[in-house]
Every structure is written in C-alpha cells, then in structure tokens.
Number of protein chains: 2
Amino acid sequence: MSPSAHRPAGIHLLADFYGIDAGKLVATSDIDALLRAGAEAAGARILHSHFHSFGDAMGVTGVVLLAESHISIHTWPEFGFAAADIFMCGNAQPQLALEVIAQAFGATSRIVQTIARGGASPL
Amino acid sequence: MSPSAHRPAGIHLLADFYGIDAGKLVATSDIDALLRAGAEAAGARILHSHFHSFGDAMGVTGVVLLAESHISIHTWPEFGFAAADIFMCGNAQPQLALEVIAQAFGATSRIVQTIARGGASPL
C-alpha cells in the first residue's frame with residue numbers, strides 16, 4: 001500500500017464544512033482521534049500524525065500522513081468552519097473517511113470537491 | 001497569521017508533476033528542504049514538518065504544516081511523478097511556493113488545479 005506499491009492515481013476530496021459547533025474544533029486530541037477514525041474507516045494505513053493548537057478556544061491545524069497519502073484539517077472555531085482534505089491512492093476509500101468526519105462535525109452545510117490526481121501524463 | 005487571525009478563505013493549489021528525474025524524489029531531507037523553501041518563498045510560517053521514506057529508491061510522503069495551512073507531497077520515483085498540495089490562507093502567496101517546487105523538480109509537464117476554499121457558506 002505504499003506509493004511504490006501502486007500507481008499514483010488517486011482521489012482527493014476537498015471538504016469545506018460550515019456551521020460546526022465551535023467546541024468540536026478546538027481540541028487537538030479530539031481532531032487527531034477523528035481523523036484517525038476516518039483513515040481507518042477508509043482502509044488506509046497511518047504513518048504519522050501531528051496537530052497544532054493556536055491557543056485556548058482557537059483553531060487547530062494538522063495532518064494524518066498515510067501510506068495512501070494524507071488527511072489534513074484546518075479549523076476556525078470562531079467561524080464554525082473546517083477545511084479538510086482527504087487524499088488517497090490505491091485501494092483506500094476516501095469517501096468513507098469523509099462520512100466519518102462529516103457525521104462527527106454535524107455541519108449545517110458543506111462543499112465537497114472531488115479531484116482526480118495523477119492520471120496519465122498530459123504529454 | 002494563525003487561522004484565528006484571519007478569515008478562513010484560502011487558495012489550494014493541487015499540482016501533479018510528471019517526468020521528474022527519479023533521483024529528485026527519494027531523499028526525505030531534500031524534499032523537506034524543498035518544501036520549506038517553498039513555504040518561505042510564499043511568506044508562510046512553518047509549524048512542523050514530517051517526511052516518510054518507503055525505502056531505498058522508493059517514494060516519499062510528507063507535509064509541512066503552516067500557520068496558513070500546509071504543503072504536502074507524495075512522490076513516485078518509479079513513475080517520475082509527484083503530487084503536491086499547497087494550501088494557504090491569509091496573506092501567504094501559494095503561487096510562489098509552487099514556482100520554487102516546480103523549478104527544483106524540472107518536470108516535463110504538470111497539471112495545476114487552483115481551488116478556492118472557505119468562502120461564504122453555501123447556505
């Protein structure tokens with residue numbers, strides 16, 4: 001499942017969530033656990049994670065690195081907003097990670113963009 | 001420059017590079033230094049970085065976390081391919097990071113998608 005074990009084609013979901021309770025967007029331990037749960041739901045293998053808090057009641061920025069690529073997140077509790085990226089190659093299923101994260105956040109709305117990466121060279 | 005110091009609007013560049021010399025895509029120290037140079041060119045503040053090698057002559061996956069969001073990369077030397085993400089909010093200039101990375105890789109072709117994130121809520 002390493003990058004060198006499969007072709008570099010993958011799906012990248014860019015998910016912007018609006019209307020989240022601020023309390024869900026401030027604790028690095030909660031966000032770390034959530035993204036790890038998403039990775040596991042997707043069938044991905046976790047290599048590393050790191051989350052940074054900008055201070056009490058402030059946002060979090062962080063990433064879970066995967067053998068299949070990554071899940072990242074940046075939160076703005078003061079706007080009830082989170083921007084998550086779920087990029088997975090190989091056989092992992094990023095949509096399953098998205099649903100885990102979406103269910104936990106309970107956002108009032110979201111915009112999800114689905115981008116195909118690493119297909120055939122344009123040349 | 002923290003997420004809580006600016007609104008959550010940002011630009012996310014998804015850059016797929018093709019035709020890179022394999023030797024440029026295997027050393028975690030080189031890739032770390034390159035992404036840090038990109039972050040600095042963009043005027044971003046680095047919080048953390050982590051890079052994982054999948055083995056000798058194999059790919060690298062990693063991230064530089066920024067106060068303004070992140071730069072991530074996943075490389076496949078056996079395909080001469082790298083998928084980079086440059087996501088920056090606030091006043092940082094992601095295009096400048098892209099140019100630093102592109103110049104170092106010397107890819108024969110690239111596909112760059114530019115995505116606006118975190119604008120007004122869809123509701």
# chains A, B, ... in the order shown; residues from 1 in each chain; ligands from 1

call {"tool": "select_by_dssp", "arguments": {"residues": "chain A", "states": "strand (DSSP E)", "output": "VMD selection string"}}
result
chain A and resid 10 to 18 46 to 53 60 to 66 69 to 76 81 to 89 109 to 117

call {"tool": "residues_around", "arguments": {"residues": "segment 25-36 of chain B", "least_positions_apart": "6", "cutoff": "10 Å", "atoms": "only C-alpha atoms", "output": "MDAnalysis selection string"}}
result
chainID B and resid 42 44:46 48:66 70:78 80:82 84 86 97:98 100:101 104:105

call {"tool": "closest_residue", "arguments": {"among": "A:Asp85, A:Ala116, A:Ala107, A:Ser69", "to": "chain B", "atoms": "only C-alpha atoms"}}
result
A:Ser69

call {"tool": "atom_distance", "arguments": {"atom1": "atom CA of Ala41 of chain A", "atom2": "atom CA of Asp21 of chain A"}}
result
23.3 Å

call {"tool": "atom_distance", "arguments": {"atom1": "atom CA of Ala83 of chain A", "atom2": "atom CA of Ile115 of chain B"}}
result
12.1 Å

call {"tool": "select_by_dssp", "arguments": {"residues": "segment 14-114 of chain B", "states": "alpha helix (DSSP H)", "output": "NGL selection string"}}
result
:B and (28-42 or 94-105)

call {"tool": "write_last_selection", "arguments": {"atoms": "C-alpha atoms", "output": "short mmCIF file (atom, residue, chain, number, x, y, z; two decimals), in the first residue's frame"}}
result
data_model
loop_
_atom_site.label_atom_id
_atom_site.label_comp_id
_atom_site.auth_asym_id
_atom_site.auth_seq_id
_atom_site.Cartn_x
_atom_site.Cartn_y
_atom_site.Cartn_z
CA THR B 28 13.38 12.93 2.67
CA SER B 29 15.97 15.56 3.57
CA ASP B 30 15.91 17.03 0.07
CA ILE B 31 12.11 17.07 -0.11
CA ASP B 32 11.82 18.58 3.36
CA ALA B 33 14.26 21.34 2.45
CA LEU B 34 12.45 21.99 -0.83
CA LEU B 35 9.01 22.32 0.73
CA ARG B 36 10.41 24.54 3.48
CA ALA B 37 12.00 26.75 0.83
CA GLY B 38 8.63 26.92 -0.90
CA ALA B 39 6.88 27.90 2.32
CA GLU B 40 9.43 30.61 2.97
CA ALA B 41 9.13 31.97 -0.57
CA ALA B 42 5.38 32.19 -0.06
CA PRO B 94 0.97 29.84 -2.66
CA GLN B 95 1.95 30.50 -6.28
CA LEU B 96 5.43 31.49 -5.11
CA ALA B 97 5.83 28.15 -3.33
CA LEU B 98 4.65 26.36 -6.45
CA GLU B 99 7.30 28.03 -8.56
CA VAL B 100 10.10 27.06 -6.14
CA ILE B 101 8.99 23.43 -6.19
CA ALA B 102 8.43 23.35 -9.94
CA GLN B 103 11.84 24.82 -10.66
CA ALA B 104 13.58 22.26 -8.46
CA PHE B 105 11.75 19.30 -9.99
#

call {"tool": "atom_distance", "arguments": {"atom1": "atom CA of Ala9 of chain B", "atom2": "atom CA of Arg110 of chain A"}}
result
14.4 Å

call {"tool": "decode", "arguments": {"residues": "segment 36-85 of chain B", "atoms": "N, CA and C atoms", "output": "PDB file, in the first residue's frame"}}
result
ATOM      1  N   ARG B  36      10.162  23.403   2.576  1.00  0.00           N
ATOM      2  CA  ARG B  36      10.407  24.535   3.480  1.00  0.00           C
ATOM      3  C   ARG B  36      10.806  25.781   2.684  1.00  0.00           C
ATOM      4  N   ALA B  37      11.622  25.602   1.660  1.00  0.00           N
ATOM      5  CA  ALA B  37      11.995  26.750   0.826  1.00  0.00           C
ATOM      6  C   ALA B  37      10.765  27.331   0.135  1.00  0.00           C
ATOM      7  N   GLY B  38       9.866  26.450  -0.288  1.00  0.00           N
ATOM      8  CA  GLY B  38       8.629  26.922  -0.902  1.00  0.00           C
ATOM      9  C   GLY B  38       7.784  27.715   0.081  1.00  0.00           C
ATOM     10  N   ALA B  39       7.672  27.204   1.299  1.00  0.00           N
ATOM     11  CA  ALA B  39       6.881  27.903   2.319  1.00  0.00           C
ATOM     12  C   ALA B  39       7.466  29.280   2.603  1.00  0.00           C
ATOM     13  N   GLU B  40       8.789  29.324   2.680  1.00  0.00           N
ATOM     14  CA  GLU B  40       9.427  30.611   2.967  1.00  0.00           C
ATOM     15  C   GLU B  40       9.239  31.588   1.815  1.00  0.00           C
ATOM     16  N   ALA B  41       9.339  31.100   0.593  1.00  0.00           N
ATOM     17  CA  ALA B  41       9.126  31.974  -0.571  1.00  0.00           C
ATOM     18  C   ALA B  41       7.717  32.557  -0.571  1.00  0.00           C
ATOM     19  N   ALA B  42       6.784  31.765  -0.076  1.00  0.00           N
ATOM     20  CA  ALA B  42       5.381  32.192  -0.064  1.00  0.00           C
ATOM     21  C   ALA B  42       5.075  33.139   1.085  1.00  0.00           C
ATOM     22  N   GLY B  43       6.024  33.296   1.996  1.00  0.00           N
ATOM     23  CA  GLY B  43       5.783  34.143   3.155  1.00  0.00           C
ATOM     24  C   GLY B  43       4.974  33.463   4.250  1.00  0.00           C
ATOM     25  N   ALA B  44       5.039  32.140   4.288  1.00  0.00           N
ATOM     26  CA  ALA B  44       4.286  31.379   5.292  1.00  0.00           C
ATOM     27  C   ALA B  44       5.177  31.062   6.492  1.00  0.00           C
ATOM     28  N   ARG B  45       4.520  30.743   7.613  1.00  0.00           N
ATOM     29  CA  ARG B  45       5.235  30.414   8.850  1.00  0.00           C
ATOM     30  C   ARG B  45       5.130  28.918   9.108  1.00  0.00           C
ATOM     31  N   ILE B  46       6.287  28.257   9.209  1.00  0.00           N
ATOM     32  CA  ILE B  46       6.335  26.801   9.373  1.00  0.00           C
ATOM     33  C   ILE B  46       6.139  26.426  10.839  1.00  0.00           C
ATOM     34  N   LEU B  47       5.233  25.461  11.065  1.00  0.00           N
ATOM     35  CA  LEU B  47       4.959  24.958  12.413  1.00  0.00           C
ATOM     36  C   LEU B  47       5.612  23.601  12.673  1.00  0.00           C
ATOM     37  N   HIS B  48       5.675  22.764  11.624  1.00  0.00           N
ATOM     38  CA  HIS B  48       6.073  21.359  11.815  1.00  0.00           C
ATOM     39  C   HIS B  48       6.305  20.757  10.436  1.00  0.00           C
ATOM     40  N   SER B  49       7.204  19.785  10.358  1.00  0.00           N
ATOM     41  CA  SER B  49       7.282  19.008   9.116  1.00  0.00           C
ATOM     42  C   SER B  49       7.612  17.563   9.447  1.00  0.00           C
ATOM     43  N   HIS B  50       7.179  16.684   8.588  1.00  0.00           N
ATOM     44  CA  HIS B  50       7.476  15.259   8.763  1.00  0.00           C
ATOM     45  C   HIS B  50       7.466  14.595   7.389  1.00  0.00           C
ATOM     46  N   PHE B  51       8.507  13.792   7.125  1.00  0.00           N
ATOM     47  CA  PHE B  51       8.615  13.103   5.833  1.00  0.00           C
ATOM     48  C   PHE B  51       8.963  11.646   6.081  1.00  0.00           C
ATOM     49  N   HIS B  52       8.301  10.794   5.337  1.00  0.00           N
ATOM     50  CA  HIS B  52       8.466   9.349   5.472  1.00  0.00           C
ATOM     51  C   HIS B  52       8.983   8.779   4.154  1.00  0.00           C
ATOM     52  N   SER B  53      10.013   7.941   4.235  1.00  0.00           N
ATOM     53  CA  SER B  53      10.506   7.234   3.053  1.00  0.00           C
ATOM     54  C   SER B  53       9.969   5.815   3.055  1.00  0.00           C
ATOM     55  N   PHE B  54       9.524   5.349   1.895  1.00  0.00           N
ATOM     56  CA  PHE B  54       9.032   3.982   1.791  1.00  0.00           C
ATOM     57  C   PHE B  54      10.156   2.967   1.528  1.00  0.00           C
ATOM     58  N   GLY B  55      11.408   3.443   1.509  1.00  0.00           N
ATOM     59  CA  GLY B  55      12.542   2.532   1.362  1.00  0.00           C
ATOM     60  C   GLY B  55      13.531   3.052   0.337  1.00  0.00           C
ATOM     61  N   ASP B  56      14.651   2.351   0.196  1.00  0.00           N
ATOM     62  CA  ASP B  56      15.690   2.772  -0.739  1.00  0.00           C
ATOM     63  C   ASP B  56      15.122   2.910  -2.145  1.00  0.00           C
ATOM     64  N   ALA B  57      15.380   4.049  -2.750  1.00  0.00           N
ATOM     65  CA  ALA B  57      14.955   4.326  -4.125  1.00  0.00           C
ATOM     66  C   ALA B  57      13.436   4.345  -4.282  1.00  0.00           C
ATOM     67  N   MET B  58      12.734   4.407  -3.162  1.00  0.00           N
ATOM     68  CA  MET B  58      11.271   4.436  -3.222  1.00  0.00           C
ATOM     69  C   MET B  58      10.758   5.841  -2.876  1.00  0.00           C
ATOM     70  N   GLY B  59       9.448   5.963  -2.882  1.00  0.00           N
ATOM     71  CA  GLY B  59       8.834   7.274  -2.738  1.00  0.00           C
ATOM     72  C   GLY B  59       8.885   7.839  -1.336  1.00  0.00           C
ATOM     73  N   VAL B  60       8.485   9.094  -1.278  1.00  0.00           N
ATOM     74  CA  VAL B  60       8.432   9.863  -0.035  1.00  0.00           C
ATOM     75  C   VAL B  60       7.030  10.430   0.101  1.00  0.00           C
ATOM     76  N   THR B  61       6.539  10.468   1.341  1.00  0.00           N
ATOM     77  CA  THR B  61       5.284  11.156   1.611  1.00  0.00           C
ATOM     78  C   THR B  61       5.521  12.065   2.805  1.00  0.00           C
ATOM     79  N   GLY B  62       4.973  13.267   2.751  1.00  0.00           N
ATOM     80  CA  GLY B  62       5.228  14.157   3.878  1.00  0.00           C
ATOM     81  C   GLY B  62       4.499  15.461   3.773  1.00  0.00           C
ATOM     82  N   VAL B  63       4.694  16.276   4.815  1.00  0.00           N
ATOM     83  CA  VAL B  63       3.955  17.527   4.921  1.00  0.00           C
ATOM     84  C   VAL B  63       4.767  18.564   5.694  1.00  0.00           C
ATOM     85  N   VAL B  64       4.568  19.806   5.307  1.00  0.00           N
ATOM     86  CA  VAL B  64       4.988  20.945   6.115  1.00  0.00           C
ATOM     87  C   VAL B  64       3.706  21.630   6.573  1.00  0.00           C
ATOM     88  N   LEU B  65       3.468  21.619   7.884  1.00  0.00           N
ATOM     89  CA  LEU B  65       2.303  22.335   8.419  1.00  0.00           C
ATOM     90  C   LEU B  65       2.670  23.799   8.621  1.00  0.00           C
ATOM     91  N   LEU B  66       1.737  24.643   8.232  1.00  0.00           N
ATOM     92  CA  LEU B  66       1.961  26.086   8.269  1.00  0.00           C
ATOM     93  C   LEU B  66       0.915  26.761   9.150  1.00  0.00           C
ATOM     94  N   ALA B  67       1.248  27.925   9.664  1.00  0.00           N
ATOM     95  CA  ALA B  67       0.227  28.734  10.325  1.00  0.00           C
ATOM     96  C   ALA B  67      -0.880  29.069   9.332  1.00  0.00           C
ATOM     97  N   GLU B  68      -0.540  29.067   8.042  1.00  0.00           N
ATOM     98  CA  GLU B  68      -1.507  29.428   6.994  1.00  0.00           C
ATOM     99  C   GLU B  68      -2.145  28.205   6.330  1.00  0.00           C
ATOM    100  N   SER B  69      -1.807  27.020   6.694  1.00  0.00           N
ATOM    101  CA  SER B  69      -2.393  25.732   6.287  1.00  0.00           C
ATOM    102  C   SER B  69      -1.287  24.699   6.048  1.00  0.00           C
ATOM    103  N   HIS B  70      -0.991  24.284   4.802  1.00  0.00           N
ATOM    104  CA  HIS B  70       0.034  23.245   4.656  1.00  0.00           C
ATOM    105  C   HIS B  70       0.558  23.145   3.230  1.00  0.00           C
ATOM    106  N   ILE B  71       1.729  22.499   3.114  1.00  0.00           N
ATOM    107  CA  ILE B  71       2.215  21.983   1.837  1.00  0.00           C
ATOM    108  C   ILE B  71       2.459  20.491   2.055  1.00  0.00           C
ATOM    109  N   SER B  72       1.869  19.667   1.195  1.00  0.00           N
ATOM    110  CA  SER B  72       2.092  18.219   1.293  1.00  0.00           C
ATOM    111  C   SER B  72       2.668  17.717  -0.025  1.00  0.00           C
ATOM    112  N   ILE B  73       3.278  16.523   0.050  1.00  0.00           N
ATOM    113  CA  ILE B  73       3.794  15.925  -1.179  1.00  0.00           C
ATOM    114  C   ILE B  73       3.811  14.408  -1.057  1.00  0.00           C
ATOM    115  N   HIS B  74       3.596  13.761  -2.187  1.00  0.00           N
ATOM    116  CA  HIS B  74       3.683  12.310  -2.287  1.00  0.00           C
ATOM    117  C   HIS B  74       4.393  12.036  -3.603  1.00  0.00           C
ATOM    118  N   THR B  75       5.472  11.249  -3.538  1.00  0.00           N
ATOM    119  CA  THR B  75       6.287  11.034  -4.743  1.00  0.00           C
ATOM    120  C   THR B  75       6.325   9.557  -5.146  1.00  0.00           C
ATOM    121  N   TRP B  76       6.425   9.337  -6.436  1.00  0.00           N
ATOM    122  CA  TRP B  76       6.574   8.003  -7.019  1.00  0.00           C
ATOM    123  C   TRP B  76       7.771   8.047  -7.977  1.00  0.00           C
ATOM    124  N   PRO B  77       8.987   7.833  -7.469  1.00  0.00           N
ATOM    125  CA  PRO B  77      10.146   7.933  -8.367  1.00  0.00           C
ATOM    126  C   PRO B  77      10.070   6.973  -9.544  1.00  0.00           C
ATOM    127  N   GLU B  78       9.454   5.815  -9.344  1.00  0.00           N
ATOM    128  CA  GLU B  78       9.391   4.834 -10.435  1.00  0.00           C
ATOM    129  C   GLU B  78       8.519   5.307 -11.587  1.00  0.00           C
ATOM    130  N   PHE B  79       7.686   6.316 -11.342  1.00  0.00           N
ATOM    131  CA  PHE B  79       6.872   6.924 -12.399  1.00  0.00           C
ATOM    132  C   PHE B  79       7.326   8.361 -12.713  1.00  0.00           C
ATOM    133  N   GLY B  80       8.374   8.828 -12.049  1.00  0.00           N
ATOM    134  CA  GLY B  80       8.814  10.206 -12.230  1.00  0.00           C
ATOM    135  C   GLY B  80       7.733  11.205 -11.870  1.00  0.00           C
ATOM    136  N   PHE B  81       6.912  10.843 -10.883  1.00  0.00           N
ATOM    137  CA  PHE B  81       5.703  11.605 -10.583  1.00  0.00           C
ATOM    138  C   PHE B  81       5.695  12.108  -9.137  1.00  0.00           C
ATOM    139  N   ALA B  82       5.163  13.317  -8.956  1.00  0.00           N
ATOM    140  CA  ALA B  82       4.940  13.855  -7.613  1.00  0.00           C
ATOM    141  C   ALA B  82       3.620  14.612  -7.595  1.00  0.00           C
ATOM    142  N   ALA B  83       2.863  14.418  -6.510  1.00  0.00           N
ATOM    143  CA  ALA B  83       1.615  15.150  -6.284  1.00  0.00           C
ATOM    144  C   ALA B  83       1.827  16.072  -5.090  1.00  0.00           C
ATOM    145  N   ALA B  84       1.799  17.378  -5.349  1.00  0.00           N
ATOM    146  CA  ALA B  84       1.999  18.362  -4.284  1.00  0.00           C
ATOM    147  C   ALA B  84       0.717  19.146  -4.054  1.00  0.00           C
ATOM    148  N   ASP B  85       0.466  19.483  -2.796  1.00  0.00           N
ATOM    149  CA  ASP B  85      -0.630  20.379  -2.442  1.00  0.00           C
ATOM    150  C   ASP B  85      -0.064  21.590  -1.732  1.00  0.00           C
TER     151      ASP B  85
END
